[in-house]
file input.txt (compact mmCIF, C-alpha atoms and all ligand atoms)
# COMPACT_ATOMS: atom_id res chain seq x y z
CA MET A 18 0.00 0.00 0.00
CA SER A 19 1.27 3.49 -0.76
CA THR A 20 1.88 5.83 2.15
CA THR A 21 1.45 9.61 2.40
CA LEU A 22 2.85 11.66 5.28
CA VAL A 23 0.83 14.79 6.10
CA PHE A 24 2.76 17.48 8.01
CA GLY A 25 0.91 20.25 9.88
CA ALA A 26 -2.07 17.92 10.36
CA LEU A 27 -3.73 19.99 13.10
CA GLY A 28 -4.01 23.13 10.97
CA GLN A 29 -7.02 24.06 8.83
CA LEU A 30 -5.97 22.24 5.64
CA GLY A 31 -4.59 19.27 7.58
CA GLN A 32 -7.97 18.80 9.27
CA CYS A 33 -9.77 19.14 5.93
CA LEU A 34 -7.54 16.45 4.43
CA ALA A 35 -8.34 14.13 7.34
CA HIS A 36 -12.06 14.83 6.87
CA VAL A 37 -12.03 14.18 3.10
CA ALA A 38 -9.81 11.10 3.47
CA ARG A 39 -12.31 9.66 5.99
CA GLU A 40 -15.24 10.44 3.67
CA ARG A 41 -13.49 8.79 0.70
CA ASN A 42 -11.97 5.92 2.71
CA THR A 43 -8.55 6.88 1.34
CA PRO A 44 -5.99 4.46 2.79
CA GLY A 45 -2.35 5.12 3.71
CA LEU A 46 -2.43 8.67 5.06
CA VAL A 47 -0.33 9.29 8.18
CA PHE A 48 -1.32 12.57 9.87
CA LEU A 49 1.47 14.23 11.86
CA SER A 50 0.99 17.07 14.32
CA GLU A 51 3.86 19.49 14.92
CA ALA A 52 4.91 17.37 17.94
CA GLU A 53 4.90 14.20 15.81
CA GLY A 54 6.49 15.73 12.71
CA ASN A 55 8.30 19.01 13.24
CA ILE A 56 9.52 20.08 9.80
CA LEU A 57 12.46 21.88 11.44
CA ASP A 58 13.77 18.72 13.15
CA GLN A 59 15.95 17.07 10.54
CA ALA A 60 16.76 13.96 12.60
CA ALA A 61 13.10 13.32 13.41
CA LEU A 62 12.16 13.83 9.74
CA ALA A 63 14.84 11.39 8.58
CA ALA A 64 13.52 8.80 11.03
CA LEU A 65 9.93 9.32 9.79
CA PHE A 66 10.98 8.88 6.15
CA ALA A 67 13.01 5.76 7.02
CA ALA A 68 10.12 4.24 9.00
CA HIS A 69 7.31 5.02 6.54
CA ARG A 70 9.06 5.15 3.13
CA PRO A 71 6.33 7.52 1.88
CA ASN A 72 5.30 7.76 -1.78
CA HIS A 73 3.91 11.26 -1.16
CA VAL A 74 4.39 14.02 1.41
CA ILE A 75 1.79 16.78 1.84
CA ASN A 76 3.20 19.85 3.56
CA CYS A 77 0.38 21.68 5.33
CA ALA A 78 2.79 23.05 7.96
CA ALA A 79 3.37 26.78 7.70
CA TYR A 80 3.72 30.08 9.54
CA THR A 81 0.44 31.72 8.48
CA ALA A 82 0.05 34.69 10.86
CA VAL A 83 0.39 37.38 8.17
CA ASP A 84 0.72 40.43 10.46
CA LYS A 85 2.75 38.71 13.19
CA ALA A 86 5.27 37.54 10.58
CA GLU A 87 6.38 41.16 10.06
CA ASP A 88 7.99 41.08 13.54
CA ASP A 89 8.90 37.40 13.51
CA VAL A 90 10.92 37.13 10.30
CA ASP A 91 13.37 34.46 11.48
CA LEU A 92 10.73 31.99 12.62
CA ALA A 93 8.53 32.64 9.58
CA ARG A 94 11.52 31.97 7.30
CA LYS A 95 12.53 28.86 9.25
CA ILE A 96 9.08 27.31 8.89
CA ASN A 97 8.11 28.59 5.44
CA ARG A 98 11.49 28.17 3.75
CA ASP A 99 13.90 25.99 5.75
CA GLY A 100 11.20 23.45 6.71
CA VAL A 101 10.31 23.05 3.02
CA GLU A 102 13.98 22.55 2.18
CA ASN A 103 14.23 19.80 4.81
CA LEU A 104 11.23 18.00 3.32
CA ALA A 105 12.35 18.47 -0.31
CA ARG A 106 15.82 17.07 0.47
CA LEU A 107 14.39 13.94 2.07
CA CYS A 108 11.82 13.57 -0.73
CA ALA A 109 14.69 13.62 -3.25
CA GLU A 110 16.61 10.96 -1.28
CA HIS A 111 13.57 8.67 -1.04
CA GLY A 112 11.98 9.26 -4.46
CA THR A 113 8.96 10.75 -2.68
CA VAL A 114 6.59 13.21 -4.40
CA LEU A 115 6.31 16.49 -2.43
CA ILE A 116 3.01 18.38 -2.43
CA GLN A 117 3.70 21.91 -1.19
CA ILE A 118 1.01 24.55 -0.55
CA SER A 119 1.73 28.20 -1.33
CA THR A 120 -0.18 31.45 -1.47
CA ASP A 121 -1.53 34.28 -3.62
CA PHE A 122 0.44 36.58 -1.28
CA VAL A 123 3.58 35.87 -3.38
CA PHE A 124 2.12 38.49 -5.77
CA ALA A 125 2.16 42.26 -5.35
CA GLY A 126 -1.28 42.35 -6.94
CA ALA A 127 -0.95 45.73 -8.63
CA GLY A 128 -2.72 44.60 -11.83
CA ASN A 129 -6.27 43.63 -12.63
CA GLU A 130 -5.90 40.49 -14.75
CA PRO A 131 -5.98 36.92 -13.39
CA LEU A 132 -2.46 35.87 -12.43
CA LEU A 133 -0.70 32.99 -14.18
CA GLU A 134 1.92 30.65 -12.73
CA ILE A 135 4.53 32.35 -14.95
CA ASP A 136 3.67 35.88 -13.81
CA GLU A 137 6.16 37.91 -11.85
CA THR A 138 6.13 37.48 -8.07
CA ALA A 139 6.85 40.40 -5.73
CA PRO A 140 5.58 39.73 -2.21
CA LEU A 141 4.54 42.75 -0.14
CA GLY A 142 5.17 41.17 3.27
CA VAL A 143 7.26 38.68 5.20
CA TYR A 144 4.67 35.89 5.03
CA GLY A 145 4.45 36.08 1.21
CA LEU A 146 8.22 36.48 0.85
CA THR A 147 9.06 33.45 3.01
CA LYS A 148 6.38 31.35 1.28
CA LEU A 149 7.94 32.33 -2.07
CA GLU A 150 11.38 31.31 -0.77
CA GLY A 151 9.84 27.96 0.17
CA GLU A 152 8.49 27.54 -3.37
CA GLN A 153 11.83 28.44 -4.88
CA VAL A 154 13.96 26.03 -2.85
CA ILE A 155 12.13 22.94 -4.14
CA PRO A 156 13.08 22.70 -7.86
CA GLY A 157 16.81 22.75 -7.05
CA LEU A 158 16.39 19.66 -4.88
CA THR A 159 13.75 17.51 -6.58
CA GLU A 160 11.78 17.37 -9.82
CA LYS A 161 8.98 15.36 -8.23
CA TYR A 162 6.85 18.09 -6.71
CA PHE A 163 3.49 19.77 -7.00
CA THR A 164 3.36 23.30 -5.60
CA LEU A 165 -0.25 24.45 -5.33
CA ARG A 166 -0.74 28.18 -4.79
CA THR A 167 -4.09 28.87 -3.21
CA SER A 168 -5.90 31.87 -1.67
CA TRP A 169 -8.29 32.95 1.10
CA LEU A 170 -8.79 29.45 2.61
CA TYR A 171 -11.83 28.83 4.78
CA SER A 172 -13.69 25.78 6.06
CA GLU A 173 -15.57 24.54 9.10
CA PHE A 174 -12.17 23.71 10.66
CA ALA A 175 -9.75 25.96 12.61
CA GLY A 176 -9.94 29.78 12.50
CA ASN A 177 -10.74 31.59 9.22
CA PHE A 178 -12.55 34.63 7.76
CA VAL A 179 -15.92 32.85 7.36
CA LYS A 180 -16.02 31.73 10.97
CA THR A 181 -14.80 35.14 12.18
CA MET A 182 -17.49 36.97 10.18
CA ARG A 183 -20.28 34.69 11.45
CA LYS A 184 -19.13 35.29 15.03
CA LEU A 185 -18.66 39.07 14.68
CA GLY A 186 -21.88 39.42 12.64
CA ARG A 187 -23.88 37.96 15.52
CA GLU A 188 -22.06 39.98 18.22
CA ARG A 189 -21.83 43.45 16.66
CA ASP A 190 -24.24 46.06 15.30
CA GLU A 191 -21.94 47.10 12.48
CA LEU A 192 -18.95 45.69 10.63
CA ARG A 193 -16.54 47.58 8.41
CA VAL A 194 -14.91 45.39 5.78
CA ILE A 195 -12.33 46.14 3.09
CA TRP A 196 -13.66 46.26 -0.47
CA ASP A 197 -10.51 47.30 -2.36
CA GLN A 198 -8.75 43.93 -1.93
CA VAL A 199 -10.00 41.52 -4.57
CA GLY A 200 -9.27 37.80 -4.68
CA THR A 201 -10.90 34.39 -4.71
CA PRO A 202 -11.97 32.46 -1.62
CA THR A 203 -11.13 28.77 -1.53
CA TYR A 204 -13.06 26.14 0.40
CA ALA A 205 -10.21 24.14 1.96
CA ILE A 206 -12.33 20.98 1.64
CA ASP A 207 -12.29 21.45 -2.16
CA LEU A 208 -8.51 21.91 -2.08
CA ALA A 209 -8.13 18.78 0.06
CA GLY A 210 -10.11 16.85 -2.58
CA VAL A 211 -7.80 18.11 -5.31
CA ILE A 212 -4.70 17.08 -3.35
CA LEU A 213 -6.04 13.57 -2.71
CA GLY A 214 -7.03 13.37 -6.40
CA ILE A 215 -3.44 14.10 -7.43
CA ILE A 216 -2.18 11.33 -5.17
CA GLU A 217 -4.87 8.83 -6.21
CA SER A 218 -4.23 9.48 -9.92
CA GLY A 219 -0.48 8.91 -9.52
CA SER A 220 0.02 11.99 -11.71
CA THR A 221 3.56 12.84 -12.78
CA ALA A 222 2.61 16.21 -14.31
CA TYR A 223 4.85 17.89 -11.73
CA GLY A 224 5.18 21.64 -11.34
CA LEU A 225 3.62 24.83 -10.05
CA TYR A 226 -0.19 25.23 -10.18
CA HIS A 227 -2.80 27.78 -9.12
CA TYR A 228 -5.91 26.55 -7.35
CA SER A 229 -8.76 28.53 -5.81
CA ASN A 230 -12.50 28.38 -6.32
CA GLU A 231 -13.88 30.05 -9.47
CA GLY A 232 -14.91 33.70 -9.67
CA LEU A 233 -13.67 36.67 -7.71
CA THR A 234 -14.83 38.95 -4.93
CA SER A 235 -13.71 41.52 -2.38
CA TRP A 236 -13.55 40.78 1.36
CA TYR A 237 -16.59 43.08 1.72
CA ASP A 238 -18.65 41.19 -0.87
CA PHE A 239 -17.48 37.88 0.60
CA ALA A 240 -18.63 39.03 4.06
CA THR A 241 -21.95 40.18 2.61
CA ALA A 242 -22.49 36.75 1.00
CA ILE A 243 -21.62 35.02 4.28
CA PHE A 244 -24.23 37.14 6.13
CA GLU A 245 -26.89 36.69 3.46
CA LEU A 246 -26.49 32.90 3.25
CA SER A 247 -26.24 32.58 7.05
CA GLU A 248 -29.30 34.83 7.51
CA ILE A 249 -27.33 37.14 9.79
CA SER A 250 -28.54 40.71 9.74
CA VAL A 251 -25.74 43.18 10.43
CA LYS A 252 -24.95 46.56 8.97
CA THR A 253 -21.88 46.01 6.76
CA THR A 254 -19.93 49.00 5.50
CA PRO A 255 -17.36 48.82 2.69
CA ILE A 256 -14.11 50.54 3.59
CA ARG A 257 -10.77 51.13 1.94
CA THR A 258 -7.61 49.30 3.01
CA SER A 259 -6.29 52.64 4.32
CA GLU A 260 -9.19 52.71 6.80
CA TYR A 261 -8.20 49.28 8.24
CA PRO A 262 -4.49 49.62 9.10
CA THR A 263 -2.58 46.35 9.47
CA LYS A 264 1.09 45.59 10.06
CA ALA A 265 1.44 43.66 6.77
CA THR A 266 0.43 45.00 3.37
CA ARG A 267 -1.85 42.64 1.39
CA PRO A 268 -2.06 42.43 -2.42
CA PRO A 269 -4.95 44.55 -3.77
CA PHE A 270 -5.68 42.06 -6.62
CA SER A 271 -4.64 38.42 -6.23
CA VAL A 272 -7.12 36.55 -8.43
CA MET A 273 -5.32 33.54 -9.90
CA ASP A 274 -5.86 31.95 -13.32
CA LYS A 275 -6.56 28.20 -12.96
CA THR A 276 -6.36 27.19 -16.62
CA LYS A 277 -3.21 25.10 -16.04
CA ILE A 278 -4.60 22.90 -13.26
CA LYS A 279 -7.88 22.46 -15.15
CA THR A 280 -6.25 21.42 -18.42
CA GLN A 281 -3.17 19.53 -17.17
CA LEU A 282 -4.65 17.79 -14.13
CA GLY A 283 -8.30 17.68 -15.21
CA VAL A 284 -9.51 19.44 -12.06
CA ALA A 285 -13.14 20.67 -12.01
CA ILE A 286 -13.59 23.80 -9.88
CA PRO A 287 -16.79 25.00 -8.18
CA HIS A 288 -17.67 28.72 -8.04
CA TRP A 289 -16.78 30.26 -4.66
CA ARG A 290 -20.43 30.99 -3.86
CA GLU A 291 -21.47 27.34 -4.39
CA SER A 292 -18.70 26.09 -2.11
CA LEU A 293 -19.49 28.79 0.47
CA LYS A 294 -23.08 27.50 0.60
CA VAL A 295 -21.83 23.96 1.30
CA CYS A 296 -19.55 25.14 4.09
CA LEU A 297 -22.26 27.31 5.69
CA GLU A 298 -24.76 24.42 5.60
CA ARG A 299 -22.23 22.20 7.38
CA LEU A 300 -21.47 24.93 9.94
CA ALA A 301 -25.20 25.45 10.57
CA ALA A 302 -25.78 21.69 10.93
CA ALA A 303 -23.07 21.53 13.60
CA GLU A 304 -24.58 24.37 15.67
N1 LIG A 401 -5.15 30.09 5.56
C1 LIG A 401 -5.20 30.68 4.36
O1 LIG A 401 -6.04 31.55 4.09
C2 LIG A 401 -4.22 30.26 3.29
C3 LIG A 401 -3.23 29.33 3.51
N2 LIG A 401 -2.34 29.01 2.52
C4 LIG A 401 -1.32 27.99 2.75
O2 LIG A 401 -2.01 26.76 2.95
C5 LIG A 401 -1.27 25.94 3.86
C6 LIG A 401 -2.21 25.47 4.97
O3 LIG A 401 -2.70 26.62 5.65
P1 LIG A 401 -3.67 26.49 6.91
O4 LIG A 401 -4.04 25.07 7.14
O5 LIG A 401 -4.73 27.51 6.75
O6 LIG A 401 -2.67 26.98 8.04
P2 LIG A 401 -2.76 26.77 9.62
O7 LIG A 401 -2.03 27.91 10.23
O8 LIG A 401 -4.17 26.49 10.01
O9 LIG A 401 -1.94 25.44 9.84
C7 LIG A 401 -0.54 25.37 9.80
C8 LIG A 401 -0.11 24.27 10.74
O10 LIG A 401 1.31 24.14 10.69
C9 LIG A 401 1.76 23.85 11.99
N3 LIG A 401 3.19 24.11 12.13
C10 LIG A 401 3.80 25.29 12.40
N4 LIG A 401 5.14 25.10 12.49
C11 LIG A 401 5.35 23.78 12.26
C12 LIG A 401 6.52 22.97 12.25
N5 LIG A 401 7.74 23.48 12.47
N6 LIG A 401 6.40 21.65 12.00
C13 LIG A 401 5.18 21.11 11.78
N7 LIG A 401 4.05 21.81 11.82
C14 LIG A 401 4.13 23.13 12.05
C15 LIG A 401 0.91 24.74 12.85
O11 LIG A 401 0.93 24.32 14.18
P3 LIG A 401 0.75 25.45 15.35
O12 LIG A 401 -0.53 26.14 15.05
O13 LIG A 401 0.77 24.60 16.57
O14 LIG A 401 1.92 26.33 15.21
C16 LIG A 401 -0.48 24.55 12.22
O15 LIG A 401 -1.12 23.43 12.77
C17 LIG A 401 -0.09 26.79 4.30
O16 LIG A 401 1.03 26.46 3.50
C18 LIG A 401 -0.50 28.21 4.00
O17 LIG A 401 0.61 29.05 3.75
C19 LIG A 401 -2.41 29.58 1.28
C20 LIG A 401 -3.37 30.52 1.00
C21 LIG A 401 -4.39 30.90 1.96
C1 LIG A 402 -11.96 40.89 10.76
C2 LIG A 402 -11.95 41.86 9.61
C3 LIG A 402 -11.04 41.70 8.57
N1 LIG A 402 -11.00 42.57 7.55
C4 LIG A 402 -10.05 42.39 6.43
C5 LIG A 402 -8.58 42.33 6.78
C6 LIG A 402 -7.98 41.52 5.66
O1 LIG A 402 -7.63 42.36 4.59
C7 LIG A 402 -9.14 40.64 5.23
C8 LIG A 402 -8.98 39.19 5.62
O2 LIG A 402 -8.54 39.12 6.94
P1 LIG A 402 -7.87 37.84 7.56
O3 LIG A 402 -7.11 38.24 8.75
O4 LIG A 402 -8.90 36.77 7.67
O5 LIG A 402 -6.97 37.35 6.41
P2 LIG A 402 -5.45 37.33 6.00
O6 LIG A 402 -4.65 36.87 7.12
O7 LIG A 402 -5.03 38.54 5.31
O8 LIG A 402 -5.69 36.19 4.91
C9 LIG A 402 -4.63 35.65 4.20
O9 LIG A 402 -4.08 34.59 4.95
C10 LIG A 402 -2.91 34.05 4.38
C11 LIG A 402 -2.45 32.90 5.27
C12 LIG A 402 -3.03 33.73 2.94
O10 LIG A 402 -2.26 32.94 2.39
C13 LIG A 402 -3.97 34.57 2.10
O11 LIG A 402 -4.43 33.88 0.95
C14 LIG A 402 -5.14 35.13 2.87
O12 LIG A 402 -6.11 34.15 3.09
O13 LIG A 402 -10.33 41.16 5.80
C15 LIG A 402 -11.89 43.67 7.51
O14 LIG A 402 -11.85 44.47 6.57
N2 LIG A 402 -12.79 43.84 8.53
C16 LIG A 402 -12.85 42.97 9.58
O15 LIG A 402 -13.68 43.18 10.51
call {"tool": "encode", "arguments": {"input": "input.txt", "output": "structure tokens", "more": "lines below"}}
Ligand SMILES: NC(=O)C1=CN([C@@H]2O[C@H](COP(=O)(O)OP(=O)(O)OC[C@H]3O[C@@H](n4cnc5c(N)ncnc54)[C@H](OP(=O)(O)O)[C@@H]3O)[C@@H](O)[C@H]2O)C=CC1
Ligand SMILES: Cc1cn([C@H]2C[C@H](O)[C@@H](COP(=O)(O)OP(=O)(O)O[C@H]3O[C@@H](C)C(=O)[C@@H](O)[C@H]3O)O2)c(=O)[nH]c1=O
result
Amino acid sequence: MSTTLVFGALGQLGQCLAHVARERNTPGLVFLSEAEGNILDQAALAALFAAHRPNHVINCAAYTAVDKAEDDVDLARKINRDGVENLARLCAEHGTVLIQISTDFVFAGAGNEPLLEIDETAPLGVYGLTKLEGEQVIPGLTEKYFTLRTSWLYSEFAGNFVKTMRKLGRERDELRVIWDQVGTPTYAIDLAGVILGIIESGSTAYGLYHYSNEGLTSWYDFATAIFELSEISVKTTPIRTSEYPTKATRPPFSVMDKTKIKTQLGVAIPHWRESLKVCLERLAAAE
């Protein structure tokens, strides 16, 4: 039986992978928390590879606190770059396929056309920069990798914008949400399905791919859709980024073009609003 090691298993995407793998009865996945599989601990990683001889590794481990990263550069770089290097090196030694997850925040987002895999990267903050460094370290070490750039992940698991908005929308009289940052939300359950599909298909079409849901929206319009579909009534005011100061600068336009993953890997992608409905139904059912 083929084995897949999943690092960062207790994070949002890690939990979504566990959920989808259970639903599909996918065998051979070994889920590793940070304590069980610290991507900075080279000796522990070597022992895990020797014990499991994995065919695939999914790296869900990351430093994802976008604002905090601005003051925590060394740790962000260790996790988002050096940890990826550790995994890629061992994958090369063992002939393992590495599935790395990256972000739309590698782009400056100054344009207004959907971004391709070949488009210029220019991260605006430490999180995006260190994620880009993680992407870039892989091809020098192994050819057998899939790097999937995704954006605006949400799900019923862990903390995310959808869960925050539902909570704040019920607690507050008014919310002010940025409308001049445009991107595409991604239901992390959909992404988990795509990752498992790549493994199940045994695809060797290695390389860098963009994956998000279809369509585009602003954070304000996303929040408005969350309230409408959740039947939460709260005054929601669109504001400019300048009216919501944050430590890290985010890309104003980070919509990614998914033509490559659709044509080369045969991935079918739901519109963000359809996937949002599914997530909100599941959240409501659990309440
Ligand atoms: N969330 C989003 O909106 C987006 C995320 N991405 C990317 O998707 C991937 C998954 O993100 P998501 O699941 O949301 O992130 P989370 O922050 O929810 O999960 C990351 C996990 O990595 C763990 N971790 C941190 N350091 C280490 C380490 N040294 N060794 C092993 N595990 C570690 C964290 O543990 P602990 O919490 O205990 O530190 C956490 O459980 C990441 O690569 C991220 O950059 C891309 C676009 C959007
Ligand atoms: C809570 C809140 C947020 N916002 C804005 C701030 C920010 O621009 C946007 C989203 O806020 P968040 O803190 O959820 O998201 P942020 O941490 O910027 O999300 C990013 O995370 C990393 C990990 C990624 O890789 C990106 O793709 C993206 O998902 O909404 C408001 O305008 N009003 C509010 O009340």
call {"tool": "atom_distance", "arguments": {"input": "input.txt", "atom1": "atom CA of A:Asn42", "atom2": "atom CA of A:Gly214"}}
result
12.8 Å
call {"tool": "closest_residue", "arguments": {"input": "input.txt", "among": "A:Val23, A:Val194, A:Cys108, A:Ala285", "to": "A:Glu51", "atoms": "only C-alpha atoms"}}
result
A:Val23
call {"tool": "residues_near_ligand", "arguments": {"input": "input.txt", "ligand": "ligand LIG 402 (chain A)", "cutoff": "7 Å", "atoms": "all atoms listed in the file", "output": "JSON, numbers by chain"}}
result
{"A": [81, 82, 83, 120, 121, 122, 167, 168, 169, 170, 177, 178, 181, 182, 192, 193, 194, 195, 198, 236, 237, 261, 267]}
call {"tool": "atom_distance", "arguments": {"input": "input.txt", "atom1": "atom CA of A:Arg41", "atom2": "atom CA of A:Ala67"}}
result
27.4 Å
call {"tool": "residues_near_ligand", "arguments": {"input": "input.txt", "ligand": "ligand LIG 401 (chain A)", "cutoff": "9 Å", "atoms": "all atoms listed in the file", "output": "PyMOL selection string"}}
result
chain A and resi 24-33+49-58+76-82+92-93+95-97+100+117-122+144-145+148+165-171+174-178+202-203+205+229
call {"tool": "write_last_selection", "arguments": {"input": "input.txt", "atoms": "C-alpha atoms", "output": "tab-separated table (two decimals), keeping the file's coordinate frame"}}
result
chain	number	residue	atom	x	y	z
A	24	PHE	CA	2.76	17.48	8.01
A	25	GLY	CA	0.91	20.25	9.88
A	26	ALA	CA	-2.07	17.92	10.36
A	27	LEU	CA	-3.73	19.99	13.10
A	28	GLY	CA	-4.01	23.13	10.97
A	29	GLN	CA	-7.02	24.06	8.83
A	30	LEU	CA	-5.97	22.24	5.64
A	31	GLY	CA	-4.59	19.27	7.58
A	32	GLN	CA	-7.97	18.80	9.27
A	33	CYS	CA	-9.77	19.14	5.93
A	49	LEU	CA	1.47	14.23	11.86
A	50	SER	CA	0.99	17.07	14.32
A	51	GLU	CA	3.86	19.49	14.92
A	52	ALA	CA	4.91	17.37	17.94
A	53	GLU	CA	4.90	14.20	15.81
A	54	GLY	CA	6.49	15.73	12.71
A	55	ASN	CA	8.30	19.01	13.24
A	56	ILE	CA	9.52	20.08	9.80
A	57	LEU	CA	12.46	21.88	11.44
A	58	ASP	CA	13.77	18.72	13.15
A	76	ASN	CA	3.20	19.85	3.56
A	77	CYS	CA	0.38	21.68	5.33
A	78	ALA	CA	2.79	23.05	7.96
A	79	ALA	CA	3.37	26.78	7.70
A	80	TYR	CA	3.72	30.08	9.54
A	81	THR	CA	0.44	31.72	8.48
A	82	ALA	CA	0.05	34.69	10.86
A	92	LEU	CA	10.73	31.99	12.62
A	93	ALA	CA	8.53	32.64	9.58
A	95	LYS	CA	12.53	28.86	9.25
A	96	ILE	CA	9.08	27.31	8.89
A	97	ASN	CA	8.11	28.59	5.44
A	100	GLY	CA	11.20	23.45	6.71
A	117	GLN	CA	3.70	21.91	-1.19
A	118	ILE	CA	1.01	24.55	-0.55
A	119	SER	CA	1.73	28.20	-1.33
A	120	THR	CA	-0.18	31.45	-1.47
A	121	ASP	CA	-1.53	34.28	-3.62
A	122	PHE	CA	0.44	36.58	-1.28
A	144	TYR	CA	4.67	35.89	5.03
A	145	GLY	CA	4.45	36.08	1.21
A	148	LYS	CA	6.38	31.35	1.28
A	165	LEU	CA	-0.25	24.45	-5.33
A	166	ARG	CA	-0.74	28.18	-4.79
A	167	THR	CA	-4.09	28.87	-3.21
A	168	SER	CA	-5.90	31.87	-1.67
A	169	TRP	CA	-8.29	32.95	1.10
A	170	LEU	CA	-8.79	29.45	2.61
A	171	TYR	CA	-11.83	28.83	4.78
A	174	PHE	CA	-12.17	23.71	10.66
A	175	ALA	CA	-9.75	25.96	12.61
A	176	GLY	CA	-9.94	29.78	12.50
A	177	ASN	CA	-10.74	31.59	9.22
A	178	PHE	CA	-12.55	34.63	7.76
A	202	PRO	CA	-11.97	32.46	-1.62
A	203	THR	CA	-11.13	28.77	-1.53
A	205	ALA	CA	-10.21	24.14	1.96
A	229	SER	CA	-8.76	28.53	-5.81
call {"tool": "residues_around", "arguments": {"input": "input.txt", "residues": "A:Arg189", "least_positions_apart": "2", "cutoff": "12 Å", "atoms": "only C-alpha atoms", "output": "ChimeraX atom specification"}}
result
/A:181-187,191-193,249-253
call {"tool": "residues_around", "arguments": {"input": "input.txt", "residues": "A:Ile243", "least_positions_apart": "2", "cutoff": "8 Å", "atoms": "all atoms listed in the file", "output": "ChimeraX atom specification"}}
result
/A:179,182-183,239-241,245-247,293,297
call {"tool": "residues_around", "arguments": {"input": "input.txt", "residues": "A:His227", "least_positions_apart": "2", "cutoff": "12 Å", "atoms": "only C-alpha atoms", "output": "PyMOL selection string"}}
result
chain A and resi 117-121+123+131-136+163-168+201+203+208+211+224-225+229-231+271-282+284+286
call {"tool": "closest_residue", "arguments": {"input": "input.txt", "among": "A:Ala242, A:Ile206, A:Leu34, A:Ile75", "to": "A:Lys294", "atoms": "only C-alpha atoms"}}
result
A:Ala242
call {"tool": "residues_around", "arguments": {"input": "input.txt", "residues": "A:Lys264", "least_positions_apart": "2", "cutoff": "7 Å", "atoms": "only C-alpha atoms", "output": "CSV table (one decimal) with C-alpha atoms, in the frame of the given file"}}
result
chain,number,residue,atom,x,y,z
A,84,ASP,CA,0.7,40.4,10.5
A,87,GLU,CA,6.4,41.2,10.1
A,262,PRO,CA,-4.5,49.6,9.1
A,266,THR,CA,0.4,45.0,3.4
call {"tool": "closest_residue", "arguments": {"input": "input.txt", "among": "A:Tyr162, A:Phe124, A:Phe66, A:Tyr204", "to": "A:Pro287", "atoms": "only C-alpha atoms"}}
result
A:Tyr204
call {"tool": "atom_distance", "arguments": {"input": "input.txt", "atom1": "atom CA of A:Thr221", "atom2": "atom CA of A:Val74"}}
result
14.3 Å
